[in-house]
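target.tsv follows; it contains TSV, C-alpha atoms and all ligand atoms.
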```
chain	number	residue	atom	x	y	z
A	93	MET	CA	75.99	117.72	75.45
A	94	LEU	CA	79.40	118.88	74.50
A	95	PRO	CA	82.36	120.10	76.57
A	96	GLY	CA	81.54	123.47	78.11
A	97	ALA	CA	78.13	122.23	79.33
A	98	THR	CA	77.46	121.95	83.07
A	99	LEU	CA	76.86	118.50	84.54
A	100	GLY	CA	75.22	117.92	87.91
A	101	VAL	CA	76.21	115.05	90.20
A	102	LEU	CA	74.20	113.96	93.22
A	103	GLY	CA	76.51	112.98	96.07
A	104	GLY	CA	79.92	114.19	97.18
A	105	GLY	CA	81.97	111.05	97.86
A	106	GLN	CA	85.03	109.72	96.05
A	107	LEU	CA	82.97	108.39	93.13
A	108	GLY	CA	81.56	111.87	92.56
A	109	ALA	CA	85.06	113.33	92.91
A	110	MET	CA	86.59	111.00	90.31
A	111	PHE	CA	83.65	111.58	87.96
A	112	ALA	CA	84.08	115.35	88.34
A	113	ALA	CA	87.84	115.12	87.73
A	114	ALA	CA	87.26	113.16	84.50
A	115	ALA	CA	84.51	115.54	83.32
A	116	ARG	CA	86.54	118.68	84.02
A	117	ARG	CA	89.54	117.20	82.21
A	118	MET	CA	87.23	116.88	79.20
A	119	GLY	CA	86.16	120.52	79.46
A	120	TYR	CA	82.83	120.21	81.28
A	121	ARG	CA	81.76	122.25	84.29
A	122	VAL	CA	80.62	120.10	87.21
A	123	GLU	CA	78.44	121.01	90.16
A	124	ALA	CA	77.70	118.52	92.95
A	125	VAL	CA	74.77	118.32	95.34
A	126	VAL	CA	76.30	117.15	98.61
A	127	GLU	CA	75.47	116.50	102.24
A	128	HIS	CA	78.52	118.25	103.72
A	129	ALA	CA	80.72	121.02	102.29
A	130	ASP	CA	83.81	119.12	103.46
A	131	CYS	CA	83.59	116.21	101.02
A	132	PRO	CA	85.86	114.61	98.37
A	133	ALA	CA	83.86	116.00	95.42
A	134	ALA	CA	84.21	119.60	96.64
A	135	ARG	CA	87.89	119.63	95.64
A	136	HIS	CA	87.10	118.68	92.04
A	137	CYS	CA	83.90	120.57	91.28
A	138	ASP	CA	83.28	124.09	89.99
A	139	ARG	CA	80.60	124.53	92.61
A	140	ILE	CA	78.84	122.54	95.34
A	141	HIS	CA	75.31	122.84	96.68
A	142	VAL	CA	74.92	121.66	100.27
A	143	GLY	CA	71.91	119.91	101.75
A	144	LEU	CA	69.39	119.68	98.90
A	145	LEU	CA	69.22	115.91	98.34
A	146	ASP	CA	65.87	115.52	100.15
A	147	ASP	CA	64.47	118.87	99.03
A	148	VAL	CA	62.61	118.00	95.83
A	149	GLU	CA	61.62	121.60	94.99
A	150	GLY	CA	65.11	122.90	95.63
A	151	LEU	CA	66.62	120.17	93.47
A	152	VAL	CA	64.23	120.82	90.60
A	153	ALA	CA	65.02	124.57	90.71
A	154	LEU	CA	68.72	123.71	90.63
A	155	GLY	CA	68.22	121.16	87.84
A	156	THR	CA	67.62	123.85	85.23
A	157	ARG	CA	71.32	124.84	85.58
A	158	PHE	CA	72.45	121.46	84.27
A	159	ALA	CA	72.63	119.81	80.84
A	160	ALA	CA	72.43	116.36	82.50
A	161	VAL	CA	72.48	114.92	86.00
A	162	THR	CA	74.06	111.74	87.30
A	163	TYR	CA	74.60	110.33	90.79
A	164	GLU	CA	77.37	108.61	92.65
A	165	PHE	CA	75.34	106.59	95.15
A	166	GLU	CA	72.16	104.57	94.71
A	167	ASN	CA	70.23	105.83	97.71
A	168	VAL	CA	69.18	109.07	96.00
A	169	PRO	CA	65.46	109.47	96.84
A	170	VAL	CA	63.57	108.19	93.78
A	171	ALA	CA	60.90	110.92	94.10
A	172	ALA	CA	63.62	113.54	93.82
A	173	ALA	CA	65.23	111.80	90.83
A	174	ARG	CA	61.86	111.53	89.06
A	175	ALA	CA	61.03	115.21	89.65
A	176	LEU	CA	64.50	116.23	88.47
A	177	ASP	CA	64.21	114.05	85.37
A	178	ARG	CA	61.23	116.16	84.23
A	179	VAL	CA	63.48	119.22	83.90
A	180	VAL	CA	66.86	117.65	83.00
A	181	PRO	CA	67.89	114.15	81.87
A	182	VAL	CA	68.91	112.03	84.87
A	183	ARG	CA	71.25	109.23	83.73
A	184	PRO	CA	70.97	106.37	84.54
A	185	GLY	CA	67.21	107.07	84.74
A	186	PRO	CA	65.13	107.17	87.97
A	187	GLU	CA	63.60	103.76	87.25
A	188	VAL	CA	67.08	102.21	87.40
A	189	LEU	CA	67.43	103.68	90.89
A	190	HIS	CA	63.97	102.45	91.85
A	191	THR	CA	64.88	98.86	90.94
A	192	THR	CA	68.41	98.74	92.33
A	193	GLN	CA	68.02	100.60	95.63
A	194	ASP	CA	65.77	97.90	97.05
A	195	ARG	CA	67.13	94.36	97.36
A	196	GLY	CA	63.68	92.79	97.09
A	197	ARG	CA	62.89	94.66	93.85
A	198	GLU	CA	66.36	93.96	92.48
A	199	LYS	CA	65.98	90.23	93.09
A	200	ALA	CA	62.49	90.23	91.49
A	201	PHE	CA	64.00	92.00	88.46
A	202	LEU	CA	66.72	89.32	88.16
A	203	VAL	CA	64.20	86.48	88.42
A	204	ARG	CA	61.92	88.15	85.85
A	205	HIS	CA	64.80	88.33	83.39
A	206	GLY	CA	66.01	84.78	83.97
A	207	LEU	CA	69.26	85.94	85.62
A	208	PRO	CA	70.43	83.49	88.30
A	209	CYS	CA	70.84	84.67	91.89
A	210	ALA	CA	70.97	83.13	95.39
A	211	PRO	CA	67.79	81.51	96.76
A	212	HIS	CA	65.98	84.26	98.64
A	213	ALA	CA	62.71	85.47	100.12
A	214	VAL	CA	61.31	88.86	101.14
A	215	VAL	CA	60.73	89.07	104.91
A	216	ARG	CA	58.23	91.45	106.53
A	217	SER	CA	57.57	89.64	109.82
A	218	ARG	CA	59.10	87.08	112.17
A	219	ASP	CA	56.77	84.44	110.71
A	220	ASP	CA	57.99	85.35	107.21
A	221	LEU	CA	61.55	84.85	108.45
A	222	VAL	CA	60.80	81.37	109.76
A	223	ALA	CA	59.16	80.45	106.44
A	224	ALA	CA	62.06	82.02	104.50
A	225	VAL	CA	64.61	79.92	106.39
A	226	GLY	CA	62.60	76.86	105.30
A	227	HIS	CA	63.04	78.05	101.69
A	228	THR	CA	66.73	79.07	101.69
A	229	GLY	CA	68.06	76.63	104.27
A	230	LEU	CA	70.87	77.53	106.69
A	231	PRO	CA	73.28	79.19	106.86
A	232	ALA	CA	71.61	82.25	105.40
A	233	VAL	CA	72.12	86.00	105.54
A	234	LEU	CA	69.42	88.49	106.46
A	235	LYS	CA	69.77	91.89	104.80
A	236	THR	CA	67.81	95.13	104.97
A	237	SER	CA	66.06	95.75	101.64
A	238	ALA	CA	66.98	99.44	101.52
A	239	SER	CA	70.08	101.53	102.27
A	240	GLY	CA	72.55	98.68	102.85
A	241	TYR	CA	76.15	99.01	101.69
A	242	ASP	CA	79.52	97.49	102.57
A	243	GLY	CA	77.81	94.79	104.66
A	244	LYS	CA	75.88	97.29	106.81
A	245	GLY	CA	72.42	96.02	107.72
A	246	GLN	CA	73.38	92.35	107.31
A	247	ARG	CA	73.34	89.46	109.71
A	248	ARG	CA	74.28	85.84	109.15
A	249	ILE	CA	71.99	83.17	110.59
A	250	ASP	CA	73.62	79.79	111.25
A	251	SER	CA	70.98	78.06	113.35
A	252	LEU	CA	67.25	78.26	114.10
A	253	ALA	CA	68.14	79.55	117.58
A	254	GLU	CA	69.48	82.78	115.99
A	255	ILE	CA	66.24	83.73	114.24
A	256	ASP	CA	64.85	85.90	117.04
A	257	ALA	CA	68.09	87.79	117.53
A	258	ALA	CA	68.38	88.45	113.79
A	259	TRP	CA	64.78	89.64	113.53
A	260	GLY	CA	65.29	91.78	116.67
A	261	ALA	CA	68.41	93.36	115.18
A	262	LEU	CA	67.11	94.15	111.66
A	263	GLY	CA	63.28	94.04	111.79
A	264	PRO	CA	60.66	95.34	111.46
A	265	GLU	CA	61.69	97.10	108.24
A	266	GLU	CA	61.49	95.11	105.01
A	267	LEU	CA	64.26	92.52	104.76
A	268	VAL	CA	65.52	89.91	102.32
A	269	LEU	CA	66.84	86.54	103.43
A	270	GLU	CA	69.44	84.96	101.14
A	271	GLY	CA	70.85	81.48	101.24
A	272	TRP	CA	74.58	81.55	102.08
A	273	ILE	CA	76.65	80.82	98.97
A	274	PRO	CA	79.94	79.03	99.71
A	275	PHE	CA	81.53	80.76	96.74
A	276	ALA	CA	84.90	80.01	95.15
A	277	GLY	CA	85.28	83.69	94.32
A	278	GLU	CA	83.59	87.01	93.72
A	279	LEU	CA	83.68	88.55	90.27
A	280	SER	CA	82.42	91.92	89.11
A	281	VAL	CA	81.79	93.32	85.68
A	282	VAL	CA	81.76	97.06	85.21
A	283	ALA	CA	79.85	97.80	82.02
A	284	ALA	CA	78.59	100.85	80.17
A	285	ARG	CA	75.62	101.59	77.93
A	286	GLY	CA	75.32	104.66	75.74
A	287	LEU	CA	72.31	106.77	74.84
A	288	ASP	CA	72.07	104.84	71.55
A	289	GLY	CA	72.01	101.48	73.37
A	290	ALA	CA	75.65	100.61	72.53
A	291	THR	CA	77.21	98.48	75.27
A	292	CYS	CA	80.69	97.47	76.39
A	293	CYS	CA	82.40	96.18	79.48
A	294	TRP	CA	85.86	96.14	81.00
A	295	GLU	CA	87.75	92.98	81.89
A	296	PRO	CA	85.84	91.36	84.77
A	297	SER	CA	87.76	91.66	88.05
A	298	LEU	CA	88.16	89.20	90.90
A	299	ASN	CA	87.36	90.78	94.24
A	300	LEU	CA	88.33	89.95	97.81
A	301	HIS	CA	86.34	91.44	100.66
A	302	ARG	CA	87.40	91.87	104.30
A	303	HIS	CA	84.66	92.43	106.86
A	304	HIS	CA	82.22	92.88	103.92
A	305	ILE	CA	84.27	95.78	102.49
A	306	LEU	CA	86.11	95.44	99.19
A	307	ASP	CA	89.80	94.95	99.92
A	308	LEU	CA	91.46	93.92	96.66
A	309	SER	CA	90.45	93.77	92.99
A	310	THR	CA	92.51	92.17	90.24
A	311	ALA	CA	91.98	92.06	86.47
A	312	PRO	CA	92.03	90.18	84.21
A	313	ALA	CA	90.50	87.40	86.30
A	314	ALA	CA	92.16	83.99	86.24
A	315	LEU	CA	88.97	82.06	85.46
A	316	PRO	CA	87.97	79.83	82.53
A	317	ALA	CA	87.18	81.84	79.38
A	318	ALA	CA	83.62	80.46	79.32
A	319	VAL	CA	82.92	81.84	82.82
A	320	ILE	CA	84.30	85.27	81.87
A	321	ALA	CA	82.25	85.33	78.67
A	322	GLU	CA	79.08	84.39	80.56
A	323	ALA	CA	79.71	87.09	83.19
A	324	ARG	CA	80.10	89.70	80.44
A	325	ARG	CA	76.94	88.47	78.72
A	326	MET	CA	74.91	88.63	81.92
A	327	ALA	CA	76.22	92.09	82.85
A	328	ILE	CA	75.24	93.48	79.46
A	329	ALA	CA	71.84	91.73	79.75
A	330	VAL	CA	71.32	93.56	83.08
A	331	LEU	CA	72.18	96.98	81.59
A	332	ASP	CA	69.95	96.35	78.56
A	333	ALA	CA	67.01	95.15	80.66
A	334	LEU	CA	67.32	98.13	83.02
A	335	ASP	CA	67.74	100.52	80.06
A	336	VAL	CA	70.81	102.02	81.75
A	337	VAL	CA	72.46	105.06	80.22
A	338	GLY	CA	75.79	105.24	82.02
A	339	VAL	CA	78.15	102.93	83.88
A	340	SER	CA	76.95	100.16	86.18
A	341	CYS	CA	78.55	97.26	88.00
A	342	VAL	CA	77.17	93.75	88.29
A	343	GLU	CA	78.68	91.70	91.12
A	344	PHE	CA	78.65	87.90	90.97
A	345	PHE	CA	79.39	84.95	93.20
A	346	VAL	CA	81.30	82.23	91.35
A	347	THR	CA	80.31	78.88	92.84
A	348	THR	CA	82.72	75.99	93.20
A	349	ASP	CA	81.36	74.46	89.99
A	350	GLY	CA	81.87	77.65	88.00
A	351	GLU	CA	78.25	78.78	88.10
A	352	LEU	CA	77.59	82.54	88.26
A	353	LEU	CA	74.98	84.04	90.59
A	354	VAL	CA	74.26	87.77	90.49
A	355	ASN	CA	74.81	89.26	93.96
A	356	GLU	CA	74.21	92.98	93.44
A	357	ILE	CA	73.82	95.69	90.83
A	358	ALA	CA	75.29	99.16	91.39
A	359	PRO	CA	73.96	101.74	88.88
A	360	ARG	CA	77.16	103.85	88.96
A	361	PRO	CA	80.93	103.49	88.66
A	362	HIS	CA	82.22	100.97	91.20
A	363	ASN	CA	85.15	100.52	93.55
A	364	SER	CA	86.20	97.39	91.62
A	365	GLY	CA	86.49	99.56	88.48
A	366	HIS	CA	88.98	102.06	89.94
A	367	LEU	CA	91.85	100.19	88.31
A	368	THR	CA	90.48	101.21	84.90
A	369	ILE	CA	91.96	104.69	85.54
A	370	GLU	CA	95.50	103.38	85.02
A	371	ALA	CA	94.87	100.04	83.32
A	372	ALA	CA	92.30	100.66	80.56
A	373	VAL	CA	92.15	102.89	77.49
A	374	THR	CA	89.04	104.61	78.91
A	375	SER	CA	88.41	104.79	82.67
A	376	GLN	CA	85.00	104.04	84.13
A	377	PHE	CA	84.70	107.73	85.08
A	378	GLU	CA	85.46	109.07	81.60
A	379	GLN	CA	82.98	106.49	80.26
A	380	GLN	CA	80.32	107.76	82.63
A	381	VAL	CA	80.87	111.27	81.26
A	382	ARG	CA	80.66	110.01	77.67
A	383	ALA	CA	77.48	107.98	78.30
A	384	VAL	CA	75.71	110.66	80.32
A	385	CYS	CA	76.51	113.27	77.64
A	386	GLY	CA	75.35	111.06	74.76
A	387	LEU	CA	78.87	110.78	73.28
A	388	PRO	CA	80.36	107.60	71.76
A	389	LEU	CA	81.65	105.14	74.37
A	390	GLY	CA	85.43	104.79	74.62
A	391	SER	CA	87.48	101.61	74.33
A	392	THR	CA	87.42	99.42	77.44
A	393	ARG	CA	90.51	97.50	76.34
A	394	GLN	CA	92.85	96.77	79.24
A	395	ILE	CA	96.39	98.03	78.66
A	396	ALA	CA	98.10	96.11	81.46
A	397	PRO	CA	97.24	93.58	84.18
A	398	ALA	CA	96.35	95.46	87.34
A	399	ALA	CA	95.45	95.25	91.02
A	400	MET	CA	93.69	97.75	93.25
A	401	ALA	CA	94.04	97.71	97.04
A	402	ASN	CA	91.73	99.88	99.13
A	403	LEU	CA	93.16	102.11	101.85
A	404	LEU	CA	90.83	102.22	104.83
A	405	GLY	CA	91.16	104.50	107.83
A	406	ASP	CA	92.87	101.57	109.59
A	407	CYS	CA	96.07	102.40	107.63
A	408	TRP	CA	96.43	105.49	109.85
A	409	GLU	CA	96.40	103.45	113.07
A	410	ARG	CA	100.12	103.90	113.63
A	411	GLY	CA	100.30	107.50	112.43
A	412	GLU	CA	100.51	109.14	109.01
A	413	PRO	CA	101.18	106.38	106.45
A	414	ASP	CA	104.53	106.42	104.72
A	415	TRP	CA	103.41	107.52	101.24
A	416	GLY	CA	106.95	107.70	99.93
A	417	ALA	CA	107.60	104.04	100.73
A	418	ALA	CA	104.46	102.92	98.85
A	419	LEU	CA	105.19	105.12	95.86
A	420	GLY	CA	108.69	103.64	95.65
A	421	VAL	CA	107.16	100.35	94.48
A	422	GLU	CA	107.30	100.05	90.69
A	423	GLY	CA	103.97	100.41	88.90
A	424	VAL	CA	102.08	101.76	91.92
A	425	SER	CA	99.81	104.84	91.82
A	426	LEU	CA	98.23	106.53	94.82
A	427	HIS	CA	94.69	107.93	95.02
A	428	LEU	CA	93.67	109.78	98.19
A	429	TYR	CA	90.16	111.11	98.44
A	430	GLY	CA	90.86	114.06	100.76
A	431	LYS	CA	88.72	112.89	103.65
A	432	SER	CA	89.73	114.53	106.92
A	433	ALA	CA	89.02	111.83	109.54
A	434	PRO	CA	90.63	108.41	108.93
A	435	ARG	CA	88.10	106.31	110.85
A	436	PRO	CA	88.59	102.51	110.82
A	437	GLY	CA	86.61	100.95	107.97
A	438	ARG	CA	86.28	104.28	106.10
A	439	LYS	CA	87.49	104.27	102.48
A	440	MET	CA	90.21	106.94	102.41
A	441	GLY	CA	91.90	106.08	99.12
A	442	HIS	CA	93.34	103.25	97.06
A	443	LEU	CA	96.54	102.04	95.44
A	444	THR	CA	96.62	100.69	91.90
A	445	ALA	CA	99.52	98.62	90.60
A	446	VAL	CA	100.07	97.74	86.95
A	447	ALA	CA	102.59	95.05	86.00
A	448	ALA	CA	103.42	92.42	83.39
A	449	THR	CA	101.15	89.82	85.06
A	450	VAL	CA	98.21	89.91	87.46
A	451	ASP	CA	100.25	88.06	90.10
A	452	GLU	CA	102.96	90.70	89.94
A	453	ALA	CA	100.39	93.52	90.07
A	454	ARG	CA	98.71	91.95	93.12
A	455	ALA	CA	102.05	91.47	94.86
A	456	ALA	CA	103.07	95.08	94.16
A	457	ALA	CA	99.78	96.57	95.42
A	458	LEU	CA	99.86	94.48	98.61
A	459	HIS	CA	103.56	95.15	99.20
A	460	ALA	CA	103.02	98.91	98.78
A	461	ARG	CA	100.10	98.83	101.20
A	462	ARG	CA	102.11	96.91	103.78
A	463	LEU	CA	104.94	99.45	103.52
A	464	LEU	CA	102.49	102.26	104.23
A	465	SER	CA	101.81	101.24	107.78
A	466	ARG	CA	105.08	99.42	108.49
A	467	HIS	CA	106.95	102.72	108.21
A	468	ALA	CA	104.12	104.91	109.51
A	469	VAL	CA	105.41	108.35	110.40
A	470	GLY	CA	104.52	110.17	113.62
B	501	LIG	P1	76.55	92.74	99.78
B	501	LIG	O1	76.56	94.10	100.43
B	501	LIG	O2	75.20	92.13	99.76
B	501	LIG	O3	77.24	92.72	98.45
B	501	LIG	O4	77.45	91.82	100.73
B	501	LIG	C1	78.80	92.14	100.99
B	501	LIG	C2	79.64	90.88	100.98
B	501	LIG	O5	79.15	89.92	101.93
B	501	LIG	C3	79.62	90.14	99.65
B	501	LIG	O6	80.50	90.71	98.71
B	501	LIG	C4	80.02	88.75	100.10
B	501	LIG	O7	81.41	88.67	100.34
B	501	LIG	C5	79.28	88.60	101.42
B	501	LIG	N1	77.95	88.02	101.16
B	501	LIG	C6	76.80	88.70	100.99
B	501	LIG	N2	75.75	87.89	100.71
B	501	LIG	C7	76.24	86.64	100.70
B	501	LIG	C8	75.67	85.34	100.46
B	501	LIG	N3	74.36	85.17	100.20
B	501	LIG	N4	76.51	84.26	100.51
B	501	LIG	C9	77.82	84.41	100.78
B	501	LIG	N5	78.41	85.61	101.02
B	501	LIG	C10	77.66	86.71	100.99
```
The structure given in the file should be rewritten as structure tokens.
Ligand code: AMP
Amino acid sequence: MLPGATLGVLGGGQLGAMFAAAARRMGYRVEAVVEHADCPAARHCDRIHVGLLDDVEGLVALGTRFAAVTYEFENVPVAAARALDRVVPVRPGPEVLHTTQDRGREKAFLVRHGLPCAPHAVVRSRDDLVAAVGHTGLPAVLKTSASGYDGKGQRRIDSLAEIDAAWGALGPEELVLEGWIPFAGELSVVAARGLDGATCCWEPSLNLHRHHILDLSTAPAALPAAVIAEARRMAIAVLDALDVVGVSCVEFFVTTDGELLVNEIAPRPHNSGHLTIEAAVTSQFEQQVRAVCGLPLGSTRQIAPAAMANLLGDCWERGEPDWGAALGVEGVSLHLYGKSAPRPGRKMGHLTAVAATVDEARAAALHARRLLSRHAVG
């Protein structure tokens, strides 16, 4: 599938927008299937199709327009992805979605492939939950199996007295209970796999979350070389075992004794990989285009140490942020996704800083973000 072909993307958020921007730069046409016309991807696509994500027949009819289809979120209905895949290659394939969009199935996949993860149990009833607590111990975290993201559908359980409240809040849908991991850090590896099975990954990044939402990513990660090498190995093992064609992210907990536990798999470009736009030879979005189109993968070599700080709607609390002040900080780039309503907790954009060292990049990204709201205009 060479430049000039039309690619379809399911979903209209910032990941779809950045994919479309990379694809159009390379000469592809891009059309997105979106929920709302007013979405980040609309500004970067040749055409958008509103409201077809649940309409299997409509999607299949549309599919014949495309040379290949990808997606920017993992909750695409699997039935729709399977039907679409019969008329146009969906990459990564529908079975990747099937495994990764359900926490229970994802954990079973990890166990089957000997990939370490937190102690866990699938919970379908209150009795299951009591038994699961016996297995994982406390504290633990109860999570919905499907449709969770950014900490939504999660509840920590610290004592037996909290079991009923947790079951009341999240049951009766299928849940997974996980033992709480007192981690030393969170690491993610964004990796890619081509149509020919070639694999590569970017420098693993260290991630800090606030209120379950990614706040800051830095790469390269200041961890022992053996830990980094093992994280890369496991990420590639995940992509191989899932037979991914495209970009995926594997998130890990790093325990206090340097052990790695897989937390989650995202079968798409990832927020922690945004810094590859400025800091790597090939960005995660260009790589997704290459992989989906069956082209050779590009170099993932990092050009400079980098940090990425997310900009949530909270930055608008004191008025329009002072963009000029942030952009005055050396090495800082601004990405705004074009969302109209800056609600607290909503990802509106991000800042990336590149510098001579990771510490300097982190300091620059955080300084620029602080300046945004300190000098808020209006
Ligand atoms: P998730 O959506 O499952 O990735 O959870 C979001 C964030 O919550 C993670 O990145 C962690 O910071 C935290 N978290 C989730 N599960 C656990 C766990 N089992 N132990 C410790 N922290 C967790």
Legend entry - Interatomic distance, atom CA of A:Ala173 to atom CA of A:Gly185 (Å, one decimal):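 A separation of 8.0 Å between them.
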Show me, as an mmCIF file with C-alpha atoms, in the coordinates of the input, the residues that have an atom within 8 Å of stretch 428-430 of chain A when counting only C-alpha atoms, minus same-chain residues fewer than 5 positions from it.
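Heads up, here's the output in part.cif:
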```cif
data_model
loop_
_atom_site.group_PDB
_atom_site.id
_atom_site.type_symbol
_atom_site.label_atom_id
_atom_site.label_comp_id
_atom_site.auth_asym_id
_atom_site.auth_seq_id
_atom_site.Cartn_x
_atom_site.Cartn_y
_atom_site.Cartn_z
ATOM 1 C CA GLN A 106 85.030 109.720 96.050
ATOM 2 C CA ALA A 109 85.060 113.330 92.910
ATOM 3 C CA CYS A 131 83.590 116.210 101.020
ATOM 4 C CA PRO A 132 85.860 114.610 98.370
ATOM 5 C CA MET A 440 90.210 106.940 102.410
ATOM 6 C CA GLY A 441 91.900 106.080 99.120
ATOM 7 C CA HIS A 442 93.340 103.250 97.060
#
```
As an mmCIF file with C-alpha atoms, keeping the file's coordinate frame, please: every protein or nucleic acid residue near ligand LIG 501 (chain B) (cut-off 9 Å, counting all atoms listed in the file).
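Result file is pocket_15.cif:
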```cif
data_model
loop_
_atom_site.group_PDB
_atom_site.id
_atom_site.type_symbol
_atom_site.label_atom_id
_atom_site.label_comp_id
_atom_site.auth_asym_id
_atom_site.auth_seq_id
_atom_site.Cartn_x
_atom_site.Cartn_y
_atom_site.Cartn_z
ATOM 1 C CA ARG A 195 67.130 94.360 97.360
ATOM 2 C CA ALA A 210 70.970 83.130 95.390
ATOM 3 C CA PRO A 211 67.790 81.510 96.760
ATOM 4 C CA HIS A 212 65.980 84.260 98.640
ATOM 5 C CA PRO A 231 73.280 79.190 106.860
ATOM 6 C CA ALA A 232 71.610 82.250 105.400
ATOM 7 C CA VAL A 233 72.120 86.000 105.540
ATOM 8 C CA LEU A 234 69.420 88.490 106.460
ATOM 9 C CA LYS A 235 69.770 91.890 104.800
ATOM 10 C CA GLY A 240 72.550 98.680 102.850
ATOM 11 C CA TYR A 241 76.150 99.010 101.690
ATOM 12 C CA ASP A 242 79.520 97.490 102.570
ATOM 13 C CA GLY A 243 77.810 94.790 104.660
ATOM 14 C CA LYS A 244 75.880 97.290 106.810
ATOM 15 C CA GLY A 245 72.420 96.020 107.720
ATOM 16 C CA GLN A 246 73.380 92.350 107.310
ATOM 17 C CA ARG A 248 74.280 85.840 109.150
ATOM 18 C CA LEU A 269 66.840 86.540 103.430
ATOM 19 C CA GLU A 270 69.440 84.960 101.140
ATOM 20 C CA GLY A 271 70.850 81.480 101.240
ATOM 21 C CA TRP A 272 74.580 81.550 102.080
ATOM 22 C CA ILE A 273 76.650 80.820 98.970
ATOM 23 C CA PRO A 274 79.940 79.030 99.710
ATOM 24 C CA PHE A 275 81.530 80.760 96.740
ATOM 25 C CA GLY A 277 85.280 83.690 94.320
ATOM 26 C CA GLU A 278 83.590 87.010 93.720
ATOM 27 C CA ASN A 299 87.360 90.780 94.240
ATOM 28 C CA LEU A 300 88.330 89.950 97.810
ATOM 29 C CA HIS A 301 86.340 91.440 100.660
ATOM 30 C CA ARG A 302 87.400 91.870 104.300
ATOM 31 C CA HIS A 303 84.660 92.430 106.860
ATOM 32 C CA HIS A 304 82.220 92.880 103.920
ATOM 33 C CA ILE A 305 84.270 95.780 102.490
ATOM 34 C CA LEU A 306 86.110 95.440 99.190
ATOM 35 C CA GLU A 343 78.680 91.700 91.120
ATOM 36 C CA PHE A 344 78.650 87.900 90.970
ATOM 37 C CA PHE A 345 79.390 84.950 93.200
ATOM 38 C CA ASN A 355 74.810 89.260 93.960
ATOM 39 C CA GLU A 356 74.210 92.980 93.440
ATOM 40 C CA ILE A 357 73.820 95.690 90.830
#
```
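From atom CA of A:Cys292 back to atom CA of A:Leu426, the distance works out to 27.0 Å.
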Inset, instruction - Pick out the closest residue to A:Leu176 from this set: A:Pro397, A:Gly119, A:Gly100, A:Pro208. Count all atoms listed in the file. - result: A:Gly100
Inset, instruction - Find, counting only C-alpha atoms, the residue in A:Lys431, A:Ile320, A:Glu378, A:Thr236 that gets nearest to A:Ala129. - result: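 Looking at the shortest contact to A:Ala129, the residue is A:Lys431.
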Legend entry - Close residues, A:Arg197 itself excluded, 10 Å, only C-alpha atoms, min 5 positions apart in chain, as a list in words: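 Returned residues: His190, Thr191, Thr192, Leu202, Val203, Val214, Ser237 and Ala238 of chain A.
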Legend entry - Of the listed residues A:Leu331, A:Met326, A:Ala456, A:Leu279, that which approaches A:Ser364 most closely, counting all atoms listed in the file: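 Closest candidate: A:Leu279.
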Inset, instruction - Identify, on the basis of only C-alpha atoms, every residue whose closest approach to A:Pro169 does not exceed 10 Å; exclude the query and any residue fewer than 5 positions from it along the same chain; express the result as a list in words. - result: Leu145, Asp146, Asp147, Val148, Arg174, Pro186, Leu189, His190 and Gln193 of chain A
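Excluding A:His128 and any residue on its chain fewer than 6 positions from it, the residues at most 10 Å away by all atoms listed in the file are Gly103, Gly104, Gly105, Ala134, Ile140, His141, Val142 and Gly143 of chain A.
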